[in-house]
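Participant: Structure file protein.pdb (PDB, C-alpha atoms and all ligand atoms) is given on the next line.
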MODEL        1
ATOM      1  CA  MET A 346       4.460  22.885  -2.749
ATOM      2  CA  ASN A 347       6.933  21.385  -0.274
ATOM      3  CA  ILE A 348       6.290  17.670  -0.287
ATOM      4  CA  GLY A 349       7.983  14.910   1.677
ATOM      5  CA  ILE A 350       7.889  11.300   0.564
ATOM      6  CA  VAL A 351       8.616   8.594   3.104
ATOM      7  CA  GLY A 352       9.830   5.397   1.458
ATOM      8  CA  LEU A 353      11.500   5.082  -1.915
ATOM      9  CA  GLY A 354       9.961   1.802  -3.069
ATOM     10  CA  ALA A 355       8.217   1.536  -6.422
ATOM     11  CA  ILE A 356       5.178   3.670  -5.534
ATOM     12  CA  GLY A 357       7.198   6.238  -3.529
ATOM     13  CA  SER A 358       9.687   6.610  -6.398
ATOM     14  CA  LEU A 359       6.913   7.041  -8.952
ATOM     15  CA  TRP A 360       5.204   9.771  -6.904
ATOM     16  CA  ALA A 361       8.553  11.493  -6.240
ATOM     17  CA  VAL A 362       9.266  11.721  -9.981
ATOM     18  CA  LYS A 363       5.732  12.763 -10.954
ATOM     19  CA  LEU A 364       5.491  15.459  -8.258
ATOM     20  CA  HIS A 365       8.936  16.783  -9.224
ATOM     21  CA  GLN A 366       7.892  16.871 -12.899
ATOM     22  CA  ALA A 367       4.807  18.861 -11.850
ATOM     23  CA  GLY A 368       7.104  21.516 -10.350
ATOM     24  CA  HIS A 369       7.017  20.724  -6.612
ATOM     25  CA  GLN A 370       9.893  20.677  -4.121
ATOM     26  CA  VAL A 371      10.234  17.018  -3.200
ATOM     27  CA  CYS A 372      12.370  15.729  -0.340
ATOM     28  CA  VAL A 373      12.527  11.979   0.199
ATOM     29  CA  PHE A 374      13.072  10.119   3.460
ATOM     30  CA  THR A 375      14.702   6.699   3.395
ATOM     31  CA  ARG A 376      15.765   4.027   5.854
ATOM     32  CA  ASN A 377      19.432   4.936   5.422
ATOM     33  CA  THR A 378      19.305   8.187   7.396
ATOM     34  CA  HIS A 379      22.885   9.159   6.383
ATOM     35  CA  GLN A 380      21.949   9.307   2.720
ATOM     36  CA  GLN A 381      21.757  12.976   1.584
ATOM     37  CA  THR A 382      20.637  12.573  -2.010
ATOM     38  CA  ALA A 383      18.801   9.838  -3.871
ATOM     39  CA  GLN A 384      18.656   9.247  -7.597
ATOM     40  CA  VAL A 385      15.644   7.752  -9.296
ATOM     41  CA  THR A 386      15.645   6.743 -12.948
ATOM     42  CA  LEU A 387      12.241   6.571 -14.582
ATOM     43  CA  ASP A 388      12.628   3.727 -17.085
ATOM     44  CA  MET A 389      10.642   4.659 -20.169
ATOM     45  CA  ASP A 390      12.492   2.816 -22.876
ATOM     46  CA  SER A 391      16.219   2.200 -23.176
ATOM     47  CA  ASN A 392      16.869   5.454 -25.134
ATOM     48  CA  ASN A 393      14.654   7.655 -23.122
ATOM     49  CA  ASP A 394      15.376   7.123 -19.428
ATOM     50  CA  SER A 395      15.297  10.199 -17.204
ATOM     51  CA  VAL A 396      17.299  10.516 -14.010
ATOM     52  CA  TYR A 397      16.074  12.624 -11.089
ATOM     53  CA  THR A 398      18.022  13.576  -7.985
ATOM     54  CA  PHE A 399      16.194  14.289  -4.741
ATOM     55  CA  PRO A 400      17.401  15.859  -1.492
ATOM     56  CA  THR A 401      17.141  13.057   1.037
ATOM     57  CA  ASN A 402      16.603  12.846   4.791
ATOM     58  CA  GLN A 403      16.848  16.665   5.198
ATOM     59  CA  HIS A 404      15.145  16.940   8.559
ATOM     60  CA  ASP A 405      15.296  20.769   8.360
ATOM     61  CA  SER A 406      12.815  20.637   5.488
ATOM     62  CA  LEU A 407      10.151  19.043   7.723
ATOM     63  CA  ALA A 408       9.258  22.456   9.227
ATOM     64  CA  GLN A 409       8.156  23.629   5.730
ATOM     65  CA  CYS A 410       6.563  20.343   4.719
ATOM     66  CA  GLU A 411       2.990  20.897   3.494
ATOM     67  CA  CYS A 412       2.265  17.313   2.583
ATOM     68  CA  LEU A 413       3.911  14.067   3.679
ATOM     69  CA  LEU A 414       3.178  11.064   1.502
ATOM     70  CA  VAL A 415       3.940   7.873   3.431
ATOM     71  CA  THR A 416       4.460   5.022   0.980
ATOM     72  CA  VAL A 417       6.235   2.441   3.147
ATOM     73  CA  LYS A 418       4.652  -0.967   3.745
ATOM     74  CA  SER A 419       2.095  -1.363   6.517
ATOM     75  CA  THR A 420       4.694  -3.222   8.600
ATOM     76  CA  GLN A 421       7.039  -0.198   8.526
ATOM     77  CA  VAL A 422       4.596   2.666   9.073
ATOM     78  CA  THR A 423       5.176   3.267  12.810
ATOM     79  CA  GLN A 424       8.946   2.992  12.683
ATOM     80  CA  ALA A 425       9.228   5.101   9.518
ATOM     81  CA  ILE A 426       7.110   8.073  10.533
ATOM     82  CA  SER A 427       7.322   8.384  14.349
ATOM     83  CA  PRO A 428      10.690  10.218  14.316
ATOM     84  CA  PHE A 429       9.317  12.937  11.997
ATOM     85  CA  LEU A 430       6.079  13.792  13.756
ATOM     86  CA  PRO A 431       7.566  16.153  16.395
ATOM     87  CA  PHE A 432       9.159  18.259  13.619
ATOM     88  CA  LEU A 433       6.129  18.629  11.356
ATOM     89  CA  PRO A 434       3.754  21.612  11.585
ATOM     90  CA  THR A 435       0.317  20.309  12.592
ATOM     91  CA  THR A 436      -1.004  21.758   9.308
ATOM     92  CA  THR A 437       0.953  19.165   7.301
ATOM     93  CA  SER A 438      -1.375  16.822   5.442
ATOM     94  CA  ILE A 439      -0.201  13.258   6.045
ATOM     95  CA  ILE A 440      -1.290  10.718   3.450
ATOM     96  CA  PHE A 441      -0.757   6.987   3.954
ATOM     97  CA  ILE A 442      -0.749   4.687   0.971
ATOM     98  CA  HIS A 443      -0.102   0.995   1.492
ATOM     99  CA  ASN A 444      -1.691  -2.452   1.283
ATOM    100  CA  GLY A 445      -3.595  -3.667   4.315
ATOM    101  CA  MET A 446      -5.514  -1.950   7.092
ATOM    102  CA  GLY A 447      -4.916  -1.053  10.723
ATOM    103  CA  ALA A 448      -1.314   0.174  10.550
ATOM    104  CA  VAL A 449      -2.262   3.846  11.013
ATOM    105  CA  ASP A 450      -4.434   2.954  14.041
ATOM    106  CA  ASN A 451      -1.213   2.130  15.909
ATOM    107  CA  LEU A 452      -0.277   5.828  15.648
ATOM    108  CA  GLN A 453      -3.691   7.278  16.415
ATOM    109  CA  SER A 454      -2.714   9.391  19.434
ATOM    110  CA  GLN A 455       0.471  10.716  17.803
ATOM    111  CA  LEU A 456      -1.496  11.736  14.716
ATOM    112  CA  ALA A 457      -4.428  13.311  16.554
ATOM    113  CA  ASN A 458      -3.519  16.925  15.637
ATOM    114  CA  PHE A 459      -2.745  16.366  11.948
ATOM    115  CA  PRO A 460      -5.045  16.200   8.929
ATOM    116  CA  VAL A 461      -4.575  12.518   8.064
ATOM    117  CA  TYR A 462      -5.696  10.831   4.852
ATOM    118  CA  LEU A 463      -5.728   7.230   3.666
ATOM    119  CA  ALA A 464      -5.229   6.307   0.049
ATOM    120  CA  THR A 465      -5.365   3.243  -2.135
ATOM    121  CA  THR A 466      -4.007   3.000  -5.629
ATOM    122  CA  THR A 467      -4.179   0.798  -8.681
ATOM    123  CA  GLN A 468      -1.245   2.605 -10.295
ATOM    124  CA  ALA A 469       1.302  -0.122 -10.874
ATOM    125  CA  ALA A 470       5.004   0.526 -10.506
ATOM    126  CA  PHE A 471       7.929  -1.863 -10.562
ATOM    127  CA  ARG A 472      11.525  -1.478  -9.414
ATOM    128  CA  PRO A 473      13.580  -3.593 -11.841
ATOM    129  CA  LYS A 474      16.733  -2.651  -9.868
ATOM    130  CA  PRO A 475      17.588  -0.223  -7.052
ATOM    131  CA  ASN A 476      17.026   3.446  -7.993
ATOM    132  CA  HIS A 477      14.993   2.534 -11.076
ATOM    133  CA  VAL A 478      11.243   2.635 -11.447
ATOM    134  CA  GLN A 479       8.924   1.617 -14.259
ATOM    135  CA  HIS A 480       5.331   2.815 -14.448
ATOM    136  CA  THR A 481       3.842  -0.546 -15.435
ATOM    137  CA  GLY A 482       0.128   0.083 -15.148
ATOM    138  CA  LEU A 483      -2.078   3.124 -15.474
ATOM    139  CA  GLY A 484      -4.594   2.936 -12.663
ATOM    140  CA  GLY A 485      -6.060   5.475 -10.308
ATOM    141  CA  THR A 486      -5.777   6.648  -6.716
ATOM    142  CA  LEU A 487      -8.564   7.196  -4.195
ATOM    143  CA  ILE A 488      -7.976   9.408  -1.151
ATOM    144  CA  GLY A 489     -10.243   9.984   1.795
ATOM    145  CA  PRO A 490     -10.256  11.168   5.400
ATOM    146  CA  TYR A 491      -8.842   8.999   8.187
ATOM    147  CA  SER A 492     -11.103  10.681  10.725
ATOM    148  CA  SER A 493     -14.504  12.211  10.140
ATOM    149  CA  ASN A 494     -13.493  15.811  11.037
ATOM    150  CA  ILE A 495     -11.091  15.981   8.070
ATOM    151  CA  ARG A 496     -12.204  17.946   5.016
ATOM    152  CA  LYS A 497     -11.261  17.534   1.396
ATOM    153  CA  SER A 498      -7.936  19.311   0.925
ATOM    154  CA  ASN A 499      -6.606  21.082  -2.156
ATOM    155  CA  ILE A 500      -3.768  18.571  -1.987
ATOM    156  CA  ILE A 501      -6.050  16.301  -4.046
ATOM    157  CA  LYS A 502      -5.743  18.756  -6.964
ATOM    158  CA  VAL A 503      -1.969  18.824  -6.593
ATOM    159  CA  LEU A 504      -1.734  15.042  -6.643
ATOM    160  CA  ASN A 505      -4.196  14.760  -9.528
ATOM    161  CA  ASN A 506      -2.116  17.190 -11.615
ATOM    162  CA  ALA A 507       0.980  15.083 -10.958
ATOM    163  CA  LEU A 508      -0.336  11.526 -11.430
ATOM    164  CA  ALA A 509      -3.977  11.436 -12.545
ATOM    165  CA  PRO A 510      -6.541  10.262 -11.810
ATOM    166  CA  VAL A 511      -6.731  11.015  -8.095
ATOM    167  CA  HIS A 512     -10.267  11.074  -6.712
ATOM    168  CA  TRP A 513     -11.613  12.180  -3.348
ATOM    169  CA  GLN A 514     -13.585   9.421  -1.617
ATOM    170  CA  GLU A 515     -15.537  10.583   1.410
ATOM    171  CA  ASN A 516     -16.027   6.950   2.474
ATOM    172  CA  ILE A 517     -12.521   5.635   1.925
ATOM    173  CA  GLN A 518     -13.242   2.609   4.175
ATOM    174  CA  THR A 519     -15.256   0.979   1.378
ATOM    175  CA  ALA A 520     -12.365   1.320  -1.078
ATOM    176  CA  LEU A 521      -9.862   0.081   1.531
ATOM    177  CA  TRP A 522     -12.016  -2.946   2.372
ATOM    178  CA  ASN A 523     -12.395  -3.862  -1.281
ATOM    179  CA  LYS A 524      -8.625  -3.645  -1.741
ATOM    180  CA  LEU A 525      -8.140  -5.656   1.470
ATOM    181  CA  ALA A 526     -10.414  -8.370   0.058
ATOM    182  CA  ILE A 527      -8.331  -8.549  -3.134
ATOM    183  CA  ASN A 528      -5.128  -8.767  -1.105
ATOM    184  CA  CYS A 529      -6.576 -11.408   1.292
ATOM    185  CA  VAL A 530      -7.182 -13.713  -1.674
ATOM    186  CA  ILE A 531      -4.339 -13.039  -4.114
ATOM    187  CA  ASN A 532      -1.393 -12.293  -1.846
ATOM    188  CA  PRO A 533      -1.244 -15.343   0.485
ATOM    189  CA  LEU A 534      -2.139 -17.825  -2.268
ATOM    190  CA  THR A 535       0.515 -16.544  -4.676
ATOM    191  CA  ALA A 536       3.080 -16.473  -1.846
ATOM    192  CA  ILE A 537       2.276 -20.034  -0.715
ATOM    193  CA  HIS A 538       2.221 -21.457  -4.255
ATOM    194  CA  GLN A 539       5.011 -19.139  -5.483
ATOM    195  CA  CYS A 540       3.115 -18.293  -8.627
ATOM    196  CA  LYS A 541       2.077 -15.291 -10.693
ATOM    197  CA  ASN A 542      -1.347 -13.750 -10.030
ATOM    198  CA  GLY A 543      -2.717 -15.188 -13.288
ATOM    199  CA  GLU A 544      -2.231 -18.786 -12.147
ATOM    200  CA  LEU A 545      -5.051 -18.307  -9.650
ATOM    201  CA  ALA A 546      -7.426 -18.411 -12.645
ATOM    202  CA  GLN A 547      -6.719 -22.170 -12.932
ATOM    203  CA  PRO A 548      -9.814 -24.242 -11.993
ATOM    204  CA  THR A 549      -7.866 -26.016  -9.213
ATOM    205  CA  PHE A 550      -7.944 -22.769  -7.243
ATOM    206  CA  THR A 551     -11.676 -22.119  -7.715
ATOM    207  CA  PRO A 552     -12.950 -23.945  -4.568
ATOM    208  CA  THR A 553     -10.382 -22.166  -2.362
ATOM    209  CA  LEU A 554     -11.161 -18.790  -3.913
ATOM    210  CA  ASN A 555     -14.890 -19.371  -3.368
ATOM    211  CA  LEU A 556     -14.423 -20.264   0.304
ATOM    212  CA  LEU A 557     -12.150 -17.284   0.949
ATOM    213  CA  ILE A 558     -14.564 -14.897  -0.754
ATOM    214  CA  GLN A 559     -17.599 -16.236   1.159
ATOM    215  CA  GLU A 560     -15.764 -15.657   4.450
ATOM    216  CA  ILE A 561     -14.568 -12.170   3.466
ATOM    217  CA  VAL A 562     -18.064 -11.095   2.368
ATOM    218  CA  GLN A 563     -19.474 -12.040   5.786
ATOM    219  CA  VAL A 564     -16.870  -9.871   7.530
ATOM    220  CA  MET A 565     -17.337  -6.947   5.140
ATOM    221  CA  ASN A 566     -21.118  -7.052   5.584
ATOM    222  CA  ALA A 567     -20.642  -7.141   9.385
ATOM    223  CA  VAL A 568     -18.777  -3.806   9.202
ATOM    224  CA  SER A 569     -21.486  -2.366   6.916
ATOM    225  CA  ILE A 570     -19.605  -2.635   3.632
ATOM    226  CA  THR A 571     -22.131  -3.571   0.979
ATOM    227  CA  THR A 572     -20.894  -6.399  -1.202
ATOM    228  CA  SER A 573     -21.851  -9.931  -2.245
ATOM    229  CA  THR A 574     -19.984 -13.091  -3.203
ATOM    230  CA  SER A 575     -20.836 -12.605  -6.882
ATOM    231  CA  GLN A 576     -19.724  -8.959  -6.832
ATOM    232  CA  LEU A 577     -16.461  -9.678  -5.016
ATOM    233  CA  THR A 578     -15.740 -12.742  -7.168
ATOM    234  CA  LYS A 579     -16.068 -10.539 -10.268
ATOM    235  CA  VAL A 580     -13.732  -7.881  -8.832
ATOM    236  CA  ILE A 581     -11.098 -10.408  -7.739
ATOM    237  CA  ASN A 582     -11.211 -12.395 -10.992
ATOM    238  CA  ASN A 583     -10.771  -9.140 -12.859
ATOM    239  CA  VAL A 584      -7.625  -8.275 -10.851
ATOM    240  CA  ILE A 585      -6.286 -11.818 -11.397
ATOM    241  CA  ILE A 586      -6.715 -11.390 -15.164
ATOM    242  CA  THR A 587      -5.467  -7.800 -15.457
ATOM    243  CA  THR A 588      -2.384  -8.493 -13.291
ATOM    244  CA  ALA A 589      -1.900 -12.050 -14.598
ATOM    245  CA  ASN A 590       1.785 -11.529 -15.372
ATOM    246  CA  ASN A 591       2.642  -9.855 -12.067
ATOM    247  CA  TYR A 592       3.996 -11.410  -8.930
ATOM    248  CA  SER A 593       2.117 -10.123  -5.894
ATOM    249  CA  SER A 594       3.916  -8.056  -3.271
ATOM    250  CA  MET A 595       3.632 -10.944  -0.767
ATOM    251  CA  GLN A 596       5.093 -13.455  -3.222
ATOM    252  CA  GLN A 597       8.001 -11.014  -3.662
ATOM    253  CA  ASP A 598       8.383 -10.522   0.093
ATOM    254  CA  VAL A 599       8.707 -14.276   0.589
ATOM    255  CA  VAL A 600      11.186 -14.627  -2.309
ATOM    256  CA  HIS A 601      13.343 -11.823  -0.918
ATOM    257  CA  HIS A 602      13.030 -13.030   2.710
ATOM    258  CA  ARG A 603      11.263  -9.867   3.860
ATOM    259  CA  ALA A 604       8.518  -9.598   6.486
ATOM    260  CA  THR A 605       5.168  -9.932   4.723
ATOM    261  CA  GLU A 606       2.154  -7.682   5.323
ATOM    262  CA  ILE A 607       0.009 -10.658   6.430
ATOM    263  CA  ASP A 608      -0.692  -9.095   9.878
ATOM    264  CA  TYR A 609      -2.335  -6.084   8.189
ATOM    265  CA  ILE A 610      -4.052  -8.057   5.417
ATOM    266  CA  THR A 611      -5.467 -11.439   6.561
ATOM    267  CA  GLY A 612      -4.562 -10.544  10.162
ATOM    268  CA  TYR A 613      -6.805  -7.460  10.021
ATOM    269  CA  LEU A 614      -9.628  -9.557   8.552
ATOM    270  CA  ILE A 615      -9.220 -12.146  11.324
ATOM    271  CA  ARG A 616      -9.234  -9.494  14.080
ATOM    272  CA  THR A 617     -12.393  -7.929  12.624
ATOM    273  CA  ALA A 618     -14.096 -11.341  12.202
ATOM    274  CA  LYS A 619     -13.361 -12.116  15.854
ATOM    275  CA  LEU A 620     -15.012  -8.881  17.003
ATOM    276  CA  HIS A 621     -18.155  -9.991  15.170
ATOM    277  CA  ASP A 622     -17.996 -13.707  16.112
ATOM    278  CA  ILE A 623     -17.562 -14.844  12.527
ATOM    279  CA  ASP A 624     -15.697 -18.067  11.701
ATOM    280  CA  ILE A 625     -13.257 -17.735   8.810
ATOM    281  CA  PRO A 626     -11.285 -21.019   8.830
ATOM    282  CA  MET A 627      -9.903 -20.790   5.274
ATOM    283  CA  ASN A 628      -8.426 -17.349   5.932
ATOM    284  CA  HIS A 629      -7.008 -18.632   9.245
ATOM    285  CA  GLN A 630      -5.346 -21.465   7.355
ATOM    286  CA  LEU A 631      -3.638 -19.114   4.860
ATOM    287  CA  PHE A 632      -2.576 -16.826   7.729
ATOM    288  CA  SER A 633      -0.882 -19.767   9.510
ATOM    289  CA  GLN A 634       0.782 -20.949   6.312
ATOM    290  CA  ILE A 635       2.329 -17.514   5.674
ATOM    291  CA  LYS A 636       3.426 -17.225   9.314
ATOM    292  CA  HIS A 637       5.040 -20.647   8.969
ATOM    293  CA  LEU A 638       6.825 -19.585   5.745
ATOM    294  CA  GLU A 639       8.202 -16.513   7.548
ATOM    295  CA  THR A 640       9.778 -18.697  10.236
ATOM    296  CA  LYS A 641      11.796 -20.479   7.564
ATOM    297  CA  TYR A 642      14.028 -17.516   6.774
ATOM    298  CA  PRO A 643      15.795 -14.769   8.720
ATOM    299  CA  ILE A 644      13.803 -11.594   7.996
ATOM    300  CA  GLN A 645      15.897  -9.044   6.020
TER
HETATM  301  O1  LIG B 701      -0.063  -6.503  -3.347
HETATM  302  C1  LIG B 701      -0.146  -6.646  -4.579
HETATM  303  O2  LIG B 701       0.664  -7.281  -5.232
HETATM  304  C2  LIG B 701      -1.256  -5.890  -5.312
HETATM  305  O3  LIG B 701      -1.976  -5.137  -4.379
HETATM  306  C3  LIG B 701      -2.190  -6.778  -6.137
HETATM  307  C4  LIG B 701      -3.427  -5.992  -6.480
HETATM  308  C5  LIG B 701      -2.556  -8.053  -5.433
HETATM  309  C6  LIG B 701      -1.599  -7.077  -7.503
HETATM  310  O4  LIG B 701      -0.442  -7.852  -7.465
ENDMDL
END
Please, can you express the file's structure as structure tokens?

Facilitator:
Amino acid sequence: MNIGIVGLGAIGSLWAVKLHQAGHQVCVFTRNTHQQTAQVTLDMDSNNDSVYTFPTNQHDSLAQCECLLVTVKSTQVTQAISPFLPFLPTTTSIIFIHNGMGAVDNLQSQLANFPVYLATTTQAAFRPKPNHVQHTGLGGTLIGPYSSNIRKSNIIKVLNNALAPVHWQENIQTALWNKLAINCVINPLTAIHQCKNGELAQPTFTPTLNLLIQEIVQVMNAVSITTSTSQLTKVINNVIITTANNYSSMQQDVVHHRATEIDYITGYLIRTAKLHDIDIPMNHQLFSQIKHLETKYPIQ
């Protein structure tokens, strides 16, 4: 299959390598549009690293592109993909995979003729240095339709053969909301306190976690996502424990002076709460604290 990957961060690099290993033609698209090839080293162990070279930013390949996997952050989605849309056949499956919600809505009219899918993953990848990727956690990926007229595509099989497990989820909104809830709690707190995810298991954080979760549950229930405070607390505590040694993506964004995804994480929750007249003061507070942190550095 001819597959394009937009964004060569940790997840984009991992998919590029895995799809190449599965025998597909992979072209990657990066911010540096003059770059013609990109190398990715899959760090296994020091004696067993494998280096892969990908054709890069070859706009001619877009006409043959059967699947475009968009792995850039929610903040970069519009800018990253808009230039490609006029060159893609309208049969190209476009799959978005990022933290947060609402970024694809900004492109709704431009995407109207394409089969568009949303995905969420618990595969963990880490970029120890540029052009290197480590597959640090074996998770899974859920993919579902962005709009209701989209059917399950055989692209799911292709992706599952490359980096299993990939499951079709007719109601992807539920999975996205559950991931949003995890990100609303873990990401701002770890960025504000500059700590690893595991530190949130300390009892000092329990009252804040409880308040955040109560607010999030109200919003999720208002948009017909079935959950409860006890259920969500269990899920979030489990992520805190299983990713205890990781720094969250928002903690890393703040450390490296990058724009955070707060507008598409807590910001999306706040916009939805407003539509349903729900007060979520603790989430508002974290939102303001992250916005304040962002004003302290020039965004890279
Ligand atoms: O954004 C992140 O860092 C991740 O989605 C998660 C699950 C919070 C783990 O660090």

Participant: Need the shell around A:Ile635: protein/DNA/RNA residues with any atom at most 12 Å away, counting only C-alpha atoms. Skip same-chain ones fewer than 3 positions apart. Format as a PyMOL selection string?

Facilitator: chain A and resi 529+532-539+595-596+598-599+602-608+610-612+628-632+638-642

Participant: Report as CSV the residues of chain A within 7 Å of ligand LIG 701 (chain B), each with its shortest atom pair and distance in Å (one decimal), using all atoms listed in the file, ordered by chain and increasing residue number.

Facilitator:
residue,atom,partner,partner_atom,distance
A:Asn444,CA,B:LIG701,O3,6.3
A:Ile527,CA,B:LIG701,C5,6.2
A:Asn528,CA,B:LIG701,C5,5.1
A:Ile531,CA,B:LIG701,C5,5.5
A:Asn532,CA,B:LIG701,C5,5.7
A:Asn542,CA,B:LIG701,O4,6.5
A:Val584,CA,B:LIG701,C4,6.5
A:Thr588,CA,B:LIG701,C6,6.0
A:Asn591,CA,B:LIG701,O4,5.9
A:Tyr592,CA,B:LIG701,O4,5.9
A:Ser593,CA,B:LIG701,O2,3.3
A:Ser594,CA,B:LIG701,O2,3.9
A:Met595,CA,B:LIG701,O1,6.3

Participant: Calculated over all atoms listed in the file, which of the candidates A:Asp405, A:Thr466, A:Gln453, A:Gly352 has the smallest distance to A:Leu508?

Facilitator: A:Thr466

Participant: Could you give me, as a list in words, the residues that have an atom at most 9 Å away from the point (-9.9, -13.6, 11.1) in the coordinates of the file, using all atoms listed in the file?

Facilitator: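 Checking each residue against the 9 Å limit leaves Val564, Thr611, Gly612, Tyr613, Leu614, Ile615, Arg616, Thr617, Ala618, Lys619, Ile623, Asp624, Ile625, Pro626, Asn628, His629 and Phe632 of chain A.
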
Participant: Please expand the PyMOL selection byres (((chain A and resi 374) around 9) and not hetatm) into the concrete residues it hits in this file, giving the result as JSON, numbers by chain.

Facilitator: {"A": [349, 350, 351, 352, 353, 372, 373, 375, 376, 377, 378, 380, 400, 401, 402, 403, 404, 425]}

Participant: Could you check how far atom CA of A:His477 sits from atom CA of A:Ala355, in Å to one decimal?

Facilitator: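 It comes out at 8.3 Å.
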
Participant: Can you tell me, as a PyMOL selection string, what residues are no more than 10 Å from A:Leu407 when counting all atoms listed in the file, ignoring any on the same chain fewer than 4 positions away?

Facilitator: chain A and resi 347-349+372+402-403+411-413+429-434+437

Participant: When distances are computed from all atoms listed in the file, which of A:Thr436, A:Gln645, A:Thr587, A:Gln518 shows the smallest separation from A:Gly484?

Facilitator: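 Of A:Thr436, A:Gln645, A:Thr587, A:Gln518, the one nearest A:Gly484, counting all atoms listed in the file, is A:Thr587.
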
Participant: For the structure provided, state which residues fall under the PyMOL selection byres (((chain A and resi 506) around 12) and not hetatm), and present them as a ChimeraX atom specification.

Facilitator: /A:360,363-369,499-505,507-512

Participant: What's the separation between atom CA of A:Ala589 and atom CA of A:Gln559, in Å to one decimal place?

Facilitator: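 These atoms are spaced 22.6 Å apart.
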
Participant: Name the closest residue to A:Val415 among the candidates A:Ile495, A:Ile356, A:Leu456, A:Leu387; distances are taken between atoms, counting all atoms listed in the file.

Facilitator: A:Ile356

Participant: Atom CA of A:Ala520 and atom CA of A:Ile488 are how many Å apart?

Facilitator: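 Result for atom CA of A:Ala520 versus atom CA of A:Ile488: 9.2 Å, one decimal.
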
Participant: My list of candidates is A:Thr423, A:Gln479, A:Asn516, A:Gln409. Which is closest to A:Ala464 when distances are computed with only C-alpha atoms?

Facilitator: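 Of the candidates, the smallest distance to A:Ala464 is held by A:Asn516.
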
Participant: Which of these, A:Ala457, A:Ala383, A:Ala361, A:Ala526, has the shortest distance to A:Thr416 once you count all atoms listed in the file?

Facilitator: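 The shortest atom-to-atom distance to A:Thr416 comes from A:Ala361.
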
Participant: Name the closest residue to A:Val562 among the candidates A:Cys540, A:Leu525, A:Leu487, A:Leu463; distances are taken between atoms, counting all atoms listed in the file.

Facilitator: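 Result for the nearest residue to A:Val562: A:Leu525.
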
Participant: Around all listed atoms of stretch 398-401 of chain A, padded 8 Å per side, what centre and edge lengths does the axis-aligned box have in Å to one decimal, as JSON?

Facilitator:
{"center_x": 17.1, "center_y": 14.5, "center_z": -3.5, "size_x": 17.8, "size_y": 18.8, "size_z": 25.0}

Participant: Write out as a PyMOL selection string which residues come within 12 Å of A:Ser575 when counting all atoms listed in the file, dropping same-chain ones fewer than 2 positions away.

Facilitator: chain A and resi 554-555+558-559+562+572-573+577-582

Participant: Take the residues from that selection and put them in a file with C-alpha atoms, as a CSV table (one decimal), keeping the file's coordinate frame.

Facilitator:
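Written out: part_13.csv:
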chain,number,residue,atom,x,y,z
A,554,LEU,CA,-11.2,-18.8,-3.9
A,555,ASN,CA,-14.9,-19.4,-3.4
A,558,ILE,CA,-14.6,-14.9,-0.8
A,559,GLN,CA,-17.6,-16.2,1.2
A,562,VAL,CA,-18.1,-11.1,2.4
A,572,THR,CA,-20.9,-6.4,-1.2
A,573,SER,CA,-21.9,-9.9,-2.2
A,577,LEU,CA,-16.5,-9.7,-5.0
A,578,THR,CA,-15.7,-12.7,-7.2
A,579,LYS,CA,-16.1,-10.5,-10.3
A,580,VAL,CA,-13.7,-7.9,-8.8
A,581,ILE,CA,-11.1,-10.4,-7.7
A,582,ASN,CA,-11.2,-12.4,-11.0

Participant: Using the chain letters and residue numbers of this document, give as an NGL selection string the residues selected by the PyMOL selection byres (((chain A and resi 471) around 8) and not hetatm).

Facilitator: :A and (355-356 or 469-470 or 472-473 or 478-481)
